[in-house]
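The next block holds one structure in the form of structure tokens; read it before the comments.
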Amino acid sequence: MSTTPVTPAPKAPKLNRIGLQILDYRGGKTTLCAGCGHNAISERITEAFYEMGIKPERVMKMSGIGCSSKSPAYFMSRSFSFNSVHGRMPSVATGALLANKTMRSLAVSGDGDTASIGMGQFVHLMRRNVPMIYIIEDNGVYGLTKGQFSATADIGSKLKTGVVNDLPAIDICALAIQMGATFVGRSFSGDKKQLSAMLKAALSHQGTVLLDVISPCVTFNDHEGSTKSYKYMQEHEEEVGEVGFVPYFEDIAVEYDHDTTVEVKLHDGSHLRLRKIHEEYDPTDKVLAVKMLGESHDKGEVLTGVFYVNTQKPDFSTLLNMVDEPLATLPEERTRPGREVLDQLMEMHL
Amino acid sequence: MTPTQLEAESQPAAVTAGSGKRVVNDFSIQVATVNGSGSQSANSVLLRSIFRMGVPVSGKNLFPSNIAGLPTWYTIRVNKDGWVARKTEIDLLIAMNPETAREDVLSMKAGGAVIYDEGLKLNELRSDLVFYSVPFDQLTVATGAEAKLRKLIKNMVYVGIAAQLLSIDMQSVEATVRKQFAKKAKAAELNLNAVRVGFDYAKSTLAKQDPLVVEPMTGANATEGKIIIDGNAAAAMGAMFAGVTVVGWYPITPSSSVVENLIDLMKKYRVEKDGKSTFAIVQAEDELAAIGMVLGAGWAGARAMTASSGPGLSLMAEFAGLGYYAELPGVIFDIQRTGPSTGLPTRTSQADLTFIAGLSHGDTKHVILLPGSVKECFDFGMECFEIAERMQTPVFMLSDLDLGMNNWMSEPFEYPEKPIARGKVLSAEELEKAGGFARYKDVDGDGIPYRTLPGTDHPLAAYFTRGSGHNEKALYSERPEDYEKNMLRLARKFETAKTLVPKPILEGTGTEKIGILAYGTSHWAVIESRDQLTRESKIETDYLRVRAYPFTQEVHDFVAKHDRVYIVEQNRDAQMQALLKVDLDPAQVTKLRSVLHFNGLPIDARSVTTIIAEAEGAAK
């Protein structure tokens, strides 16, 4: 027996459905605080796009201003990214999708960027059902300006300085459902399994997906008295239903109990399987979803899961009845009417 | 009665008034009505009937910020020499509004004529005017129109009266009515009938006592082959022929009709055989979102635009800075109204100039095009998109309410000869060949970098767009040298804009001592004023009409060549002068003088003439 060590053959990197490695989905090095929930969310986003086999070049990463809005720099560098202005990303994202409806759009915002300064544009994005994923990295405080409350901070929650919030929180999920978003859920940056399943399901949906992801701020809002801390989440998270996702390319027929599980077929043929935990749970019932959110909040719970899915409502691109190709790159013969049109117009004004 | 009878009707030669002097094709008509009474069609018929006779006209609507019930005045200027600026004196008043009739009559100069409803008894107010009393209600009933239409039809009756008194050719009136109601034959007949009733009444009952006459014109100033259009409709056409694909907008007076016209045009001419649109027009939740959509679309490669006015532009300031700094193409039409704040929403102004030039916090400079005519609304409406994409920056077109919403004559617009150019956009093939790119690197020395569009299928195509500090590679940077270098490149890029924007136009010999400099709608008052200065005071002037910011060398040369330069503008703070002061050699600045007009009404020639003549010491 020879003692010469055998050089192992270099291990071939693992590839996804379209032949890309996870490295092809990586971004720049994060500059957020160690332990920030946002970093975990970036990881889950990276994995979801990798696993679903979506080419990074087909993705537009949109954001506003704040810690959360910086995070698109830390994943998927091969995607086109637009870090816009505070609270106004929805309009920029809408415009970009109008220009090129063949692109996928992933938006990352924060609770301040959405529920405070950005409320005006946010609700109109939901109302239009613009086909994109809108993630709120929700920590209840402003990080970049050093820890002031945002509009999702719960009444009675306490800042590090001892200041108590005396205004009620805006429930972004209830609002999104009422405003017209067609896929609404809440998750927790620390819940790897649930968040992954929800992100992948989101990628299969055609319409506005609103994911409110509780993402603790380790620097300004992770202390006793905060309702957005890791500890508080561990103690108060209440799943409405277990989220399972079966992608369209994995045709696995699994038997499930129709009494306890709701299955939703998504636009790309993937399936969302939601196993009921709450007895009343029905993710296709808008009114029920809002009611559940209110009740659970009153009980001091943080309800997570997919609250509402509607695969029937047409998205904004469909409503506008645009041509199939991106408007941005239509050739001149399709965007500049002919000479005879101008002649006709001039004749009308003679 | 048939329309052919109308044609056959011969018209009396104008009876000359007391003085025996006839005033041919040189007067103003003012129709005083109530907002919402539907007088627009009638006024348009009056305007276009005269225009159809070959006589130059302009139509200006002075209207309140109100839906219905407040006073509105429509003024038609008839002028054989082609002067179409507002003229302050009214020669013929059609007093249809009881509420303002008294004041309207009292403000007229002696010798004018008034057509009025007999019930108003206006003839008792003054003895130095000619009065034509008309039983409007009675005549309206006589038209046989149903009761609910009478309010509208009444307006056509005054068209008939005026046509008869002014000798407007009835064939011309008929053709105009038929064209205006081309798709509604029944409405055309109804309106023609009302015109006829008015005409007949005037013919049988009113004795011509005023000197005003319209006579057909041919020759140099005649209107044959010309069109009548408002600037907003023209700008919308320009945008369509520029190949605009994405529009985000929020309604605001006086810009709404830009997009409303555009919607009509696009639905007609930009929907393909399968019923799908080559455009997306979205009414946004506010102007913030409107420009946000424009910049997002521009970033993704679309030709995108919005149209707004003062308050909307104020809201757009933040995004305008993003567009400048992140280098995003986009087109913004600002149809200026009077500010500050809500101001006078339905009155005109040129007071957004300095604000737009630097719209945003921080060191920001924007390219501005300044159309002076409806034809330029069309041409610049196209050109804006070209410059925005070539420069990768927001481009503003500053029109105003007077240009945008009033009726102007023009030569027909010309079809663009240049193919659409999309600026420095790299394809996947080009990226492969170059081995990548740096988004904000000045490769060509003109300050304009290269960009890629989202979706470009190459691993090196993507970059990170941000309004925060960035280096050449579009990476986040707070390094002082990166910031400074980038800002200096942006300044260089702005210099390049001077080679792309429309150059100013010089009128005059170029050798006079006195210069006049103006832009936008002030042009029409200036050209008439120069004529007045020459005729009345023997003051010869050169005139430079500035058509864009940044200023090109011609502007510097013009000031340098003249002893005094009068800058005519429609704002209080001499905004064009302020911008010039920044750019001009300090030695030249003392030459600048201001002629300002800012009461919300379009500037008139006399106001300009009076100030310049006095400053130049002309004998009164």
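We label chains A, B, ... in the order they appear in the structure tokens, count residues from 1 in each chain, and number ligands from 1 in the order shown.
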Any chance you could tabulate, as CSV, the residues of chain B at most 7 Å from chain A with each one's nearest atom pair and distance in Å to one decimal, using only C-alpha atoms, in chain and rising number order?
residue,atom,partner,partner_atom,distance
B:Gly225,CA,A:Leu350,CA,6.9
B:Lys226,CA,A:Leu350,CA,6.0
B:Ile227,CA,A:Leu350,CA,4.2
B:Ile228,CA,A:His349,CA,5.6
B:Ile229,CA,A:His349,CA,6.4
B:Met240,CA,A:Arg336,CA,6.8
B:Phe241,CA,A:Arg336,CA,4.9
B:Ala242,CA,A:Arg336,CA,6.4
B:Gly243,CA,A:Thr335,CA,4.5
B:Thr245,CA,A:Leu327,CA,6.1
B:Val246,CA,A:Ala99,CA,6.7
B:Tyr269,CA,A:Pro337,CA,6.6
B:Lys276,CA,A:Val323,CA,5.1
B:Ser277,CA,A:Met322,CA,4.6
B:Thr278,CA,A:Val323,CA,5.8
B:Phe279,CA,A:Met322,CA,6.5
B:Ala280,CA,A:Leu320,CA,6.5
B:Glu285,CA,A:His124,CA,7.0
B:Ala289,CA,A:Ser91,CA,5.0
B:Gly292,CA,A:Val92,CA,4.7
B:Met293,CA,A:Gly95,CA,3.8
B:Val294,CA,A:Gly95,CA,5.9
B:Leu295,CA,A:Val92,CA,6.4
B:Gly296,CA,A:Val92,CA,4.1
B:Ala297,CA,A:Ala96,CA,4.2
B:Trp299,CA,A:Ala96,CA,6.8
B:Ala300,CA,A:Ala96,CA,5.2
B:Gly301,CA,A:Ala328,CA,4.7
B:Ala302,CA,A:Ala328,CA,3.8
B:Arg303,CA,A:Ala328,CA,6.9
B:Pro412,CA,A:Met346,CA,6.1
B:Tyr415,CA,A:Arg339,CA,6.2
B:Ile420,CA,A:Glu332,CA,6.6
B:Pro454,CA,A:Phe80,CA,5.6
B:Gly455,CA,A:Arg58,CA,5.1
B:Thr456,CA,A:Glu57,CA,6.8
B:Asp457,CA,A:Glu57,CA,6.1
B:Pro459,CA,A:Arg78,CA,5.9
B:Leu460,CA,A:Arg78,CA,7.0
B:Ala462,CA,A:Phe80,CA,4.8
B:Tyr463,CA,A:Phe80,CA,5.8
B:Phe464,CA,A:Ser81,CA,4.7
B:Thr465,CA,A:Phe82,CA,4.6
B:Arg466,CA,A:Asn83,CA,4.7
B:Gly467,CA,A:Ser84,CA,6.2
If we count only C-alpha atoms and set the cut-off at 8 Å, which residues sit around Gly225 of chain A, ignoring sequence neighbours fewer than 4 positions away in its own chain? Please answer as an mmCIF file with C-alpha atoms, in the first residue's frame.
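As written to disk, result19.cif reads:
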data_model
loop_
_atom_site.group_PDB
_atom_site.id
_atom_site.type_symbol
_atom_site.label_atom_id
_atom_site.label_comp_id
_atom_site.auth_asym_id
_atom_site.auth_seq_id
_atom_site.Cartn_x
_atom_site.Cartn_y
_atom_site.Cartn_z
ATOM 1 C CA SER A 157 -42.248 49.906 23.205
ATOM 2 C CA LYS A 158 -39.194 51.532 24.649
ATOM 3 C CA LEU A 159 -36.123 53.111 23.085
#
(request) Compile the contact shell of Gly300 of chain A as a ChimeraX atom specification: residues with an atom at most 10 Å away, counting only C-alpha atoms, same-chain residues fewer than 2 positions apart removed. (result) /A:154,227,236-238,295-298,302-303
Could you save those same residues with N, CA and C atoms as a CSV table (one decimal), in the first residue's frame?
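Output (part.csv):
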chain,number,residue,atom,x,y,z
A,154,ASP,N,-44.3,49.5,18.1
A,154,ASP,CA,-45.6,49.2,18.8
A,154,ASP,C,-45.7,50.3,20.0
A,227,THR,N,-40.3,45.7,21.1
A,227,THR,CA,-41.1,44.6,20.6
A,227,THR,C,-40.6,44.1,19.3
A,236,HIS,N,-42.7,35.7,21.1
A,236,HIS,CA,-44.1,36.2,20.7
A,236,HIS,C,-44.5,35.8,19.3
A,237,GLU,N,-43.6,35.2,18.5
A,237,GLU,CA,-43.9,34.8,17.1
A,237,GLU,C,-45.0,33.8,17.1
A,238,GLU,N,-46.0,34.0,16.3
A,238,GLU,CA,-47.1,33.0,16.3
A,238,GLU,C,-47.4,32.8,14.8
A,295,GLU,N,-56.6,40.9,15.7
A,295,GLU,CA,-56.8,40.1,16.9
A,295,GLU,C,-55.5,39.6,17.5
A,296,SER,N,-54.7,39.2,16.6
A,296,SER,CA,-53.4,38.6,17.1
A,296,SER,C,-52.5,39.8,17.7
A,297,HIS,N,-52.6,40.9,17.1
A,297,HIS,CA,-51.8,42.1,17.6
A,297,HIS,C,-52.3,42.5,19.0
A,298,ASP,N,-53.6,42.4,19.1
A,298,ASP,CA,-54.2,42.8,20.4
A,298,ASP,C,-53.8,41.9,21.5
A,302,VAL,N,-46.9,38.3,17.6
A,302,VAL,CA,-46.5,38.8,16.3
A,302,VAL,C,-46.8,37.6,15.3
A,303,LEU,N,-47.9,37.8,14.6
A,303,LEU,CA,-48.4,36.8,13.7
A,303,LEU,C,-47.5,36.7,12.4
(request) Using DSSP on the backbone coordinates, identify the residues of segment 44-234 of chain A assigned to strand (DSSP E or B); present them as a ChimeraX atom specification. (result) /A:59-63,75,80-83,104-110,132-138,141-142,148-149,158,164,183-188,208-214
(request) Please provide the set of residues having any atom within 7 Å of Asp113 of chain A, restricted to only C-alpha atoms, with same-chain residues fewer than 2 positions apart removed, written as an MDAnalysis selection string. (result) chainID A and resid 64:66 86:87 109:111 115:118
Next, write the just-selected residues to a file, as a compact mmCIF listing (two decimals), in the first residue's frame, keeping C-alpha atoms as the atom set.
# COMPACT_ATOMS: atom_id res chain seq x y z
CA GLY A 64 -35.10 53.75 -0.95
CA ILE A 65 -32.97 55.16 1.87
CA GLY A 66 -31.94 53.61 5.18
CA HIS A 86 -36.20 58.21 0.84
CA GLY A 87 -39.71 56.81 0.67
CA SER A 109 -37.31 48.95 2.04
CA GLY A 110 -37.47 49.65 5.72
CA ASP A 111 -40.23 50.51 8.15
CA ALA A 115 -44.53 53.42 6.72
CA SER A 116 -43.32 56.90 7.61
CA ILE A 117 -41.88 58.98 4.78
CA GLY A 118 -42.90 56.52 2.10
(request) Write out as a PyMOL selection string which residues come within 10 Å of Arg126 of chain B when counting only C-alpha atoms, dropping same-chain ones fewer than 6 positions away. (result) chain B and resi 105-106+108+110
Let me see the file: selected residues, N, CA and C atoms, as a compact mmCIF listing (two decimals), in the first residue's frame.
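The result, written out as out22.txt:
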# COMPACT_ATOMS: atom_id res chain seq x y z
N VAL B 105 -67.36 97.68 -19.84
CA VAL B 105 -67.67 98.85 -20.68
C VAL B 105 -66.88 100.06 -20.21
N LEU B 106 -66.82 100.25 -18.91
CA LEU B 106 -66.14 101.43 -18.39
C LEU B 106 -64.64 101.41 -18.69
N MET B 108 -63.22 100.42 -21.41
CA MET B 108 -62.88 100.56 -22.83
C MET B 108 -62.42 101.97 -23.16
N ALA B 110 -62.34 105.26 -25.62
CA ALA B 110 -63.38 105.93 -26.42
C ALA B 110 -63.33 105.47 -27.87
(request) Do a neighbour search on Phe333 of chain B at 6 Å with only C-alpha atoms, toss out local chain neighbours closer than 6 positions, and write the hits as a list in words. (result)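 Skipping anything fewer than 6 positions along the chain leaves Ala307, Phe396 and Met397 of chain B.
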Please write the residues from the selection above to a file, keeping N, CA and C atoms, as a CSV table (one decimal), in the first residue's frame.
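Output below, filename selection.csv:
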chain,number,residue,atom,x,y,z
B,307,ALA,N,-45.5,66.1,-17.3
B,307,ALA,CA,-45.8,67.6,-17.5
B,307,ALA,C,-46.4,68.1,-16.2
B,396,PHE,N,-35.6,69.9,-19.0
B,396,PHE,CA,-36.8,70.6,-18.7
B,396,PHE,C,-37.2,71.5,-19.9
B,397,MET,N,-38.5,71.5,-20.3
B,397,MET,CA,-39.0,72.4,-21.3
B,397,MET,C,-39.9,73.4,-20.6
(message) What's around segment 147-151 of chain A at 12 Å? Count only C-alpha atoms, leave out sequence neighbours fewer than 4 positions away in its own chain, and write the answer as a count of residues only.
(response) 45
(message) From a backbone DSSP assignment, name each residue in segment 148-302 of chain B labelled helix (DSSP H, G or I), as a VMD selection string.
(response) chain B and resid 148 to 166 170 to 180 185 to 205 231 to 242 256 to 269 287 to 299
